[in-house]
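Engineer: Got a structure for you, questions after.
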Amino acid sequence: MDRKTESSQTQEDSLTGKTREEAIERLYDVALDPTRYETLLDVWETAIAPLREGADFSAPRLLDDPTIASHFDRAGAFLDRLDQSSTQTQLNAVLAPFDKVAAFLFDARHKVAAVNPAARALLGLEVGAELGSMLVNVDDIGSILTTAHSLLNGQGENAAVLRLRSRGKGHFIVVRLQVRQVGSGERYVLAASSEVSCPAGFSDILKRAFDLTTAEADVVQSLVECCSVKEIAEQRGRSIDTVRAQIKSILSKTETRSQVELVRLALSLMDMSNLTIKADPGPRMLSRGYASLEARPFKTLVTPDGRRLDYLVLGAPKGVPLLYLPLDYGLVRWPASAEAEATRRGIRVIVPVRAGYGMSDMVSKRQDYDALATQDTLQVLDAEQVTRCPVISLGSDSFYAMKLATHDPDRISAIIAAAGILPMTRREQYERMEKWHRFILAGAKYTPHLLPFMVKAGFYLARRIGKRGFIHAVYGNCPADVETFENPEVYEAIVTGSDTALTDDFAAHEAFSRMVLGEQKSDWSPMVDALRGKLPVVFFNGTQDPQVPVASLDEFRQDHDWIDYRIYDDSGQLIFFRHWQAVLDEAEKHLAR
């Protein structure tokens with residue numbers, strides 16, 4: 001290649017001048033505020049579309065520009081700094097087991113990093129406060145700091161017990177200090193005291209349960225918090241005899257015989273109230289809806305390389321098996337009516353939670369994500385003792401369904417692909433997509449090295465504007481998908497199921513990127529053609545699909561005419577959630593009964 005031609009190609013494959021500056025500017029806009037994502041999408045499309053036209057479709061990598069790549073890396077770091085909710089949630093989770101007693105975390109700089117309601121009320125602490133503001137005697141603060149320094153520096157044991165005097169009530173409290181490592185590895189000191197605090201609303205529970213007066217309920221709470229009769233009288237401005245009379249009335253109403261028995265009863269009632277007052281504190285071990293969906297426990301396996309691998313079973317726990325692949329949005333739940341129908345038909349729906357989703361451990365960057373996804377799915381089927389079953393896939397998971405059937409043809413009896421996709425073999429198939437889908441999928445095809453930021457920013461946008469706002473943005477030009485999503489049962493299923501992909505403290509953006517890249521990196525037509533005549537393959541597609549519009553669907557049918565296509569004019573990419581009954585009817589024909 002001569003110098004002139006080389007210079008021309010570099011120009012064609014690069015962003016230059018004002019276009020380059022504007023794209024970089026929008027990149028940092030999104031890094032600082034993910035709600036500006038669509039602006040980046042529009043600017044990027046204006047810049048990249050002309051470059052796609054001149055690219056070699058069989059080897060189309062664009063923008064091998066280290067400067068552009070470094071800006072994307074830097075913007076990704078900004079995004080991670082903005083996403084502080086994850087770290088704070090991890091810190092708060094450490095305190096979750098401490099329901100009634102005061103507990104808090106502080107760091108080596110003696111700053112409070114997390115605090116539970118009891119420590120806030122009884123010790124006067126807030127996140128970010130100096131430890132010296134704690135409501136204990138000043139001399140005792142020095143003891144805490146000295147002990148914490150020894151613990152954090154590994155001098156002696158990793159836990160210590162101190163006796164402090166409360167500055168507010170004057171009595172002794174016992175505090176246990178222990179080193180805890182949180183998140184990426186920063187070390188904190190966990191402090192849990194003997195101070196007990198009643199949860200918000202507990203006074204009302206006492207009054208309703210035992211017909212106590214407000215004054216009597218307050219006395220019970222003071223007893224629970226280890227106050228003496230004299231302290232209660234002083235706090236309430238009453239005589240000791242008045243408080244004793246109130247305690248006598250309380251003992252009668254609660255049918256207890258002593259203050260010790262009364263406190264024990266109150267603590268038991270506090271445990272019961274915490275079940276409703278407090279949300280789930282730790283890792284999500286259940287897939288739990290909020291209206292019609294039944295709670296379903298995640299099952300857990302350990303892979304040969306030591307990773308945790310979760311999966312769900314919907315429908316009939318002992319029924320005939322059906323594999324379900326839930327799309328890269330992690331839509332692991334069905335509408336309540338669909339799950340109930342699967343139970344009625346005696347169908348056991350097995351739903352793998354792929355690596356990097358939910359509690360399933362992510363694979364390393366060196367490992368082949370797609371190959372391990374297939375192995376993981378087969379391990380789940382082995383655990384459920386499934387020798388043969390059909391598979392329902394959503395959207396691009398038709399790629400994984402076909403990969404699975406190719407790898408183990410005796411295991412899969414049929415593929416039923418809802419909004420299924422096939423290999424994109426024409427440049428026009430990317431250009432026809434709605435802009436949100438084109439931004440990600442064309443990004444995976446043409447600029448795969450830049451895709452991780454694009455996906456990460458999209459996940460953070462969804463967290464910022466909420467799942468409803470995100471669905472309306474992505475599917476706004478598909479009335480059928482928006483209407484389907486707003487069906488109450490569908491909404492609950494999508495919002496609940498997608499918790500495996502996105503919550504307030506978790507985002508599966510890395511796994512999502514790996515999945516999209518695997519599907520787009522090469523033409524997998526030979527894998528599709530290898531299944532011809534081997535098993536039934538049925539596609540349910542909607543003419544309003546923003547990723548596969550009618551022209552692209554016609555090309556799929558032309559390229560792979562042996563597949564059975566069922567076309568619906570009233571549906572888009574969420575066709576399964578609109579026509580699950582027809583999909584389930586087809587799957588039932590291929591069950592290994």
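Each chain in the structure tokens gets a letter, A, B, ..., in the order shown, and its residues are numbered from 1; ligands are numbered from 1 in order too.
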Identify, on the basis of only C-alpha atoms, every residue whose closest approach to region 500-508 of chain A does not exceed 10 Å; exclude the query and any residue fewer than 3 positions from it along the same chain; express the result as a VMD selection string.

Structural biologist: chain A and resid 83 to 90 284 287 328 to 332 353 to 360 362 455 to 456 459 to 460 462 to 464 466 to 467 495 to 497 511 to 513

Engineer: Can you write just those residues out, N, CA, C and O atoms, as a short mmCIF file (atom, residue, chain, number, x, y, z; two decimals), in the first residue's frame?

Structural biologist:
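Just written: out_4.cif:
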data_model
loop_
_atom_site.label_atom_id
_atom_site.label_comp_id
_atom_site.auth_asym_id
_atom_site.auth_seq_id
_atom_site.Cartn_x
_atom_site.Cartn_y
_atom_site.Cartn_z
N ASP A 83 -20.57 5.98 40.52
CA ASP A 83 -21.43 4.90 41.00
C ASP A 83 -21.05 4.51 42.42
O ASP A 83 -20.57 3.43 42.69
N GLN A 84 -21.28 5.42 43.35
CA GLN A 84 -20.91 5.19 44.74
C GLN A 84 -21.95 4.36 45.49
O GLN A 84 -21.69 3.87 46.58
N SER A 85 -23.13 4.22 44.89
CA SER A 85 -24.19 3.50 45.60
C SER A 85 -23.78 2.06 45.89
O SER A 85 -24.15 1.49 46.92
N SER A 86 -22.98 1.47 44.99
CA SER A 86 -22.58 0.09 45.18
C SER A 86 -21.76 -0.07 46.45
O SER A 86 -22.02 -0.93 47.28
N THR A 87 -20.74 0.79 46.63
CA THR A 87 -19.88 0.70 47.80
C THR A 87 -20.68 0.96 49.08
O THR A 87 -20.54 0.25 50.08
N GLN A 88 -21.52 1.99 49.07
CA GLN A 88 -22.28 2.31 50.26
C GLN A 88 -23.23 1.19 50.63
O GLN A 88 -23.42 0.88 51.80
N THR A 89 -23.82 0.55 49.62
CA THR A 89 -24.72 -0.56 49.90
C THR A 89 -23.98 -1.72 50.53
O THR A 89 -24.48 -2.39 51.43
N GLN A 90 -22.75 -1.98 50.05
CA GLN A 90 -21.94 -3.03 50.65
C GLN A 90 -21.62 -2.72 52.11
O GLN A 90 -21.66 -3.60 52.97
N ARG A 284 -29.52 -11.47 47.49
CA ARG A 284 -30.86 -11.89 47.11
C ARG A 284 -30.86 -13.40 46.87
O ARG A 284 -30.37 -13.87 45.85
N SER A 287 -36.03 -14.87 44.21
CA SER A 287 -36.58 -13.97 43.21
C SER A 287 -37.99 -13.66 43.68
O SER A 287 -38.87 -14.53 43.67
N ASP A 328 -30.15 -10.97 27.32
CA ASP A 328 -29.07 -10.29 28.04
C ASP A 328 -29.58 -9.25 29.03
O ASP A 328 -28.79 -8.66 29.76
N TYR A 329 -30.90 -9.01 29.09
CA TYR A 329 -31.47 -8.19 30.15
C TYR A 329 -31.73 -9.01 31.42
O TYR A 329 -32.18 -8.47 32.43
N GLY A 330 -31.49 -10.31 31.37
CA GLY A 330 -31.67 -11.15 32.55
C GLY A 330 -33.12 -11.31 32.96
O GLY A 330 -33.43 -11.33 34.15
N LEU A 331 -34.04 -11.47 31.99
CA LEU A 331 -35.48 -11.53 32.30
C LEU A 331 -35.86 -12.93 32.74
O LEU A 331 -36.52 -13.68 32.01
N VAL A 332 -35.48 -13.31 33.95
CA VAL A 332 -35.61 -14.69 34.42
C VAL A 332 -37.00 -15.05 34.91
O VAL A 332 -37.24 -16.20 35.26
N VAL A 353 -28.92 -18.68 35.37
CA VAL A 353 -28.48 -17.29 35.59
C VAL A 353 -27.02 -17.25 35.17
O VAL A 353 -26.15 -17.75 35.87
N ARG A 354 -26.75 -16.66 34.02
CA ARG A 354 -25.42 -16.73 33.43
C ARG A 354 -24.36 -16.04 34.25
O ARG A 354 -24.65 -15.17 35.08
N ALA A 355 -23.12 -16.39 33.98
CA ALA A 355 -21.97 -15.80 34.67
C ALA A 355 -22.02 -14.28 34.59
O ALA A 355 -22.25 -13.71 33.53
N GLY A 356 -21.85 -13.65 35.75
CA GLY A 356 -21.86 -12.19 35.80
C GLY A 356 -23.22 -11.60 36.03
O GLY A 356 -23.36 -10.38 36.17
N TYR A 357 -24.26 -12.44 36.07
CA TYR A 357 -25.62 -12.00 36.37
C TYR A 357 -26.01 -12.50 37.75
O TYR A 357 -25.60 -13.59 38.17
N GLY A 358 -26.82 -11.70 38.46
CA GLY A 358 -27.27 -12.12 39.78
C GLY A 358 -26.08 -12.46 40.66
O GLY A 358 -25.09 -11.73 40.74
N MET A 359 -26.18 -13.62 41.33
CA MET A 359 -25.09 -14.06 42.20
C MET A 359 -24.12 -15.03 41.51
O MET A 359 -23.19 -15.55 42.13
N SER A 360 -24.35 -15.31 40.22
CA SER A 360 -23.44 -16.19 39.48
C SER A 360 -22.12 -15.48 39.23
O SER A 360 -22.10 -14.37 38.68
N MET A 362 -18.70 -14.10 37.78
CA MET A 362 -18.23 -13.75 36.45
C MET A 362 -17.03 -14.59 36.07
O MET A 362 -16.26 -15.02 36.95
N VAL A 455 -21.93 0.14 27.00
CA VAL A 455 -22.84 -0.71 27.76
C VAL A 455 -22.91 -0.25 29.22
O VAL A 455 -23.98 -0.15 29.81
N LYS A 456 -21.74 0.02 29.81
CA LYS A 456 -21.71 0.45 31.21
C LYS A 456 -22.53 1.72 31.39
O LYS A 456 -23.32 1.84 32.34
N PHE A 459 -26.23 0.94 31.38
CA PHE A 459 -26.69 0.36 32.64
C PHE A 459 -26.84 1.44 33.71
O PHE A 459 -27.82 1.45 34.47
N TYR A 460 -25.88 2.36 33.77
CA TYR A 460 -25.95 3.41 34.79
C TYR A 460 -27.10 4.37 34.49
O TYR A 460 -27.72 4.91 35.41
N ALA A 462 -29.96 3.39 33.12
CA ALA A 462 -31.14 2.66 33.57
C ALA A 462 -31.30 2.76 35.08
O ALA A 462 -32.42 2.91 35.59
N ARG A 463 -30.18 2.70 35.80
CA ARG A 463 -30.27 2.84 37.26
C ARG A 463 -30.73 4.25 37.63
O ARG A 463 -31.53 4.43 38.54
N ARG A 464 -30.24 5.26 36.89
CA ARG A 464 -30.56 6.64 37.22
C ARG A 464 -32.03 6.98 36.91
O ARG A 464 -32.69 7.65 37.71
N GLY A 466 -34.49 4.71 36.18
CA GLY A 466 -35.42 3.65 36.52
C GLY A 466 -35.70 2.75 35.33
O GLY A 466 -35.54 3.14 34.17
N LYS A 467 -36.13 1.52 35.62
CA LYS A 467 -36.35 0.54 34.55
C LYS A 467 -37.50 0.95 33.64
O LYS A 467 -37.44 0.72 32.43
N VAL A 495 -39.50 -6.24 35.62
CA VAL A 495 -38.80 -5.51 36.68
C VAL A 495 -38.18 -6.48 37.69
O VAL A 495 -37.03 -6.31 38.12
N THR A 496 -38.94 -7.51 38.07
CA THR A 496 -38.43 -8.49 39.03
C THR A 496 -37.32 -9.34 38.42
O THR A 496 -36.25 -9.52 39.01
N GLY A 497 -37.58 -9.87 37.22
CA GLY A 497 -36.59 -10.74 36.59
C GLY A 497 -35.27 -10.05 36.31
O GLY A 497 -34.20 -10.62 36.51
N ALA A 511 -20.79 -8.66 31.81
CA ALA A 511 -21.31 -9.88 31.21
C ALA A 511 -22.13 -9.55 29.96
O ALA A 511 -22.06 -10.25 28.95
N PHE A 512 -22.93 -8.49 30.03
CA PHE A 512 -23.73 -8.06 28.88
C PHE A 512 -22.81 -7.80 27.69
O PHE A 512 -23.08 -8.25 26.56
N SER A 513 -21.74 -7.06 27.91
CA SER A 513 -20.80 -6.75 26.83
C SER A 513 -20.21 -8.02 26.23
O SER A 513 -20.10 -8.16 25.00
#

Engineer: Find the spatial neighbours of Met527 (chain A), counting only C-alpha atoms, within a cut-off of 10 Å - ignore same-chain residues fewer than 2 positions away - and output them as a CSV table (one decimal) with N, CA and C atoms, in the first residue's frame.

Structural biologist:
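For reference, result_17.csv as written:
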chain,number,residue,atom,x,y,z
A,399,PHE,N,-28.9,-17.3,19.6
A,399,PHE,CA,-27.5,-17.6,19.4
A,399,PHE,C,-27.1,-18.7,20.4
A,402,MET,N,-28.8,-22.1,19.8
A,402,MET,CA,-28.3,-22.9,18.7
A,402,MET,C,-26.9,-23.4,19.0
A,403,LYS,N,-26.1,-22.6,19.7
A,403,LYS,CA,-24.8,-23.1,20.2
A,403,LYS,C,-24.9,-24.3,21.1
A,405,ALA,N,-27.5,-26.5,21.1
A,405,ALA,CA,-28.0,-27.6,20.3
A,405,ALA,C,-26.9,-28.2,19.4
A,406,THR,N,-26.0,-27.4,18.9
A,406,THR,CA,-24.9,-27.8,18.1
A,406,THR,C,-23.9,-28.6,19.0
A,407,HIS,N,-23.6,-28.1,20.2
A,407,HIS,CA,-22.7,-28.8,21.1
A,407,HIS,C,-23.2,-30.1,21.6
A,423,PRO,N,-27.8,-14.6,12.2
A,423,PRO,CA,-26.5,-13.9,11.9
A,423,PRO,C,-26.8,-12.7,11.0
A,523,ASP,N,-19.6,-14.4,11.7
A,523,ASP,CA,-20.8,-14.9,11.0
A,523,ASP,C,-21.1,-16.4,11.5
A,524,TRP,N,-22.1,-16.6,12.2
A,524,TRP,CA,-22.4,-17.9,12.7
A,524,TRP,C,-23.4,-18.7,11.9
A,525,SER,N,-23.5,-18.3,10.6
A,525,SER,CA,-24.5,-19.0,9.7
A,525,SER,C,-24.2,-20.5,9.6
A,529,ASP,N,-27.0,-23.4,9.9
A,529,ASP,CA,-27.2,-24.4,8.8
A,529,ASP,C,-27.0,-25.8,9.3
A,530,ALA,N,-26.1,-26.0,10.3
A,530,ALA,CA,-25.8,-27.4,10.7
A,530,ALA,C,-27.0,-28.0,11.4
A,531,LEU,N,-27.9,-27.2,11.9
A,531,LEU,CA,-29.1,-27.7,12.6
A,531,LEU,C,-30.2,-28.1,11.6
A,532,ARG,N,-30.1,-27.7,10.4
A,532,ARG,CA,-31.1,-28.0,9.4
A,532,ARG,C,-31.4,-29.5,9.3

Engineer: Find the distance between CA of Asp561 (chain A) and CA of Pro536 (chain A) and write it in Å to one decimal.

Structural biologist: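 Spanning CA of Asp561 (chain A) to CA of Pro536 (chain A) is a straight-line distance of 12.7 Å.
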
Engineer: Nearest to Met515 (chain A): which of A:Ile347, A:Met424, A:Cys389, A:Leu327 is it, counting only C-alpha atoms?

Structural biologist: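 Looking only at the distances to Met515 (chain A), the closest residue turns out to be A:Leu327.
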
Engineer: Extract the full set of helix (DSSP H, G or I) residues from region 74-157 of chain A according to DSSP on the backbone, and format it as a ChimeraX atom specification.

Structural biologist: /A:74-82,85-95,117-123,131-133,138-152

Engineer: With only C-alpha atoms as the atoms that count, which of A:Arg52, A:Arg593, A:Arg26, A:Arg36 lies nearest to His71 (chain A)?

Structural biologist: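 Of A:Arg52, A:Arg593, A:Arg26, A:Arg36, the one nearest His71 (chain A) is A:Arg26, counting only C-alpha atoms.
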
Engineer: With DSSP run on the backbone, what are the strand (DSSP E or B) residues within region 349-511 of chain A? I'd like them as a ChimeraX atom specification.

Structural biologist: /A:349-353,389-394,412-418,502-503,506-507

Engineer: Choose the residue, out of A:Glu126, A:Glu22, A:Asp585, A:Asp382, that has the smallest atom-to-atom separation from Thr46 (chain A); count only C-alpha atoms.

Structural biologist: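 Nearest candidate to Thr46 (chain A) out of A:Glu126, A:Glu22, A:Asp585, A:Asp382: A:Glu22.
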
Engineer: Can you pull out every residue within 12 Å of Gln520 (chain A), counting only C-alpha atoms, but drop anything in the same chain fewer than 6 positions away, and send it as a list of chain:residue names?

Structural biologist: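 In the requested form, the answer reads A:Phe57, A:Ser58, A:Ala59, A:Pro60, A:Arg61, A:Asp370, A:Ser396, A:Phe399, A:Ile421, A:Leu422, A:Pro423, A:Met424, A:Thr425, A:Tyr430, A:Ile440, A:Leu441, A:Ala442, A:Gly443, A:Ala444, A:Lys445, A:Tyr446, A:Thr447, A:Pro448, A:Leu451, A:Ser513, A:Arg514.
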
Engineer: With only C-alpha atoms as the atoms that count, which of A:His149, A:Arg427, A:His509, A:Arg167 lies nearest to Phe453 (chain A)?

Structural biologist: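 Distance minimum relative to Phe453 (chain A) lands on A:His509.
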
Engineer: Can you pull out every residue within 10 Å of Ala159 (chain A), counting only C-alpha atoms, but drop anything in the same chain fewer than 6 positions away, and send it as JSON, numbers by chain?

Structural biologist: {"A": [147, 148, 150, 151, 152, 176, 177, 178, 179, 180, 189, 190, 191]}

Engineer: With a distance cut-off of 10 Å and only C-alpha atoms, select the neighbouring residues of region 570-577 of chain A, excluding the residue or stretch itself and same-chain residues fewer than 3 positions from it, and output the selection as number ranges by chain.

Structural biologist: A: 334-335, 338, 392-395, 417-420, 475, 478-485, 487, 489-491, 493-494, 540-549, 567, 580-584

Engineer: Name the residues in contact with Glu261 (chain A) at a cut-off of 12 Å, using only C-alpha atoms, excluding same-chain residues fewer than 4 positions from it; report them as number ranges by chain.

Structural biologist: A: 220, 223-224, 250-251, 254-257, 265-268

Engineer: How many Å lie between CA of Gly346 (chain A) and CA of Ala401 (chain A), rounded to one decimal?

Structural biologist: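 Pair CA of Gly346 (chain A) / CA of Ala401 (chain A) returns 22.7 Å.
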
Engineer: Between A:Ala129, A:Ala217, A:Ala316, A:Ala336, which is the closest to Ala291 (chain A) once you count only C-alpha atoms?

Structural biologist: A:Ala336

Engineer: For a quick check of understanding, using only C-alpha atoms, which of A:Ala192, A:Ile48, A:Ala102, A:Ala551 has the smallest distance to Arg432 (chain A)?

Structural biologist: A:Ala551
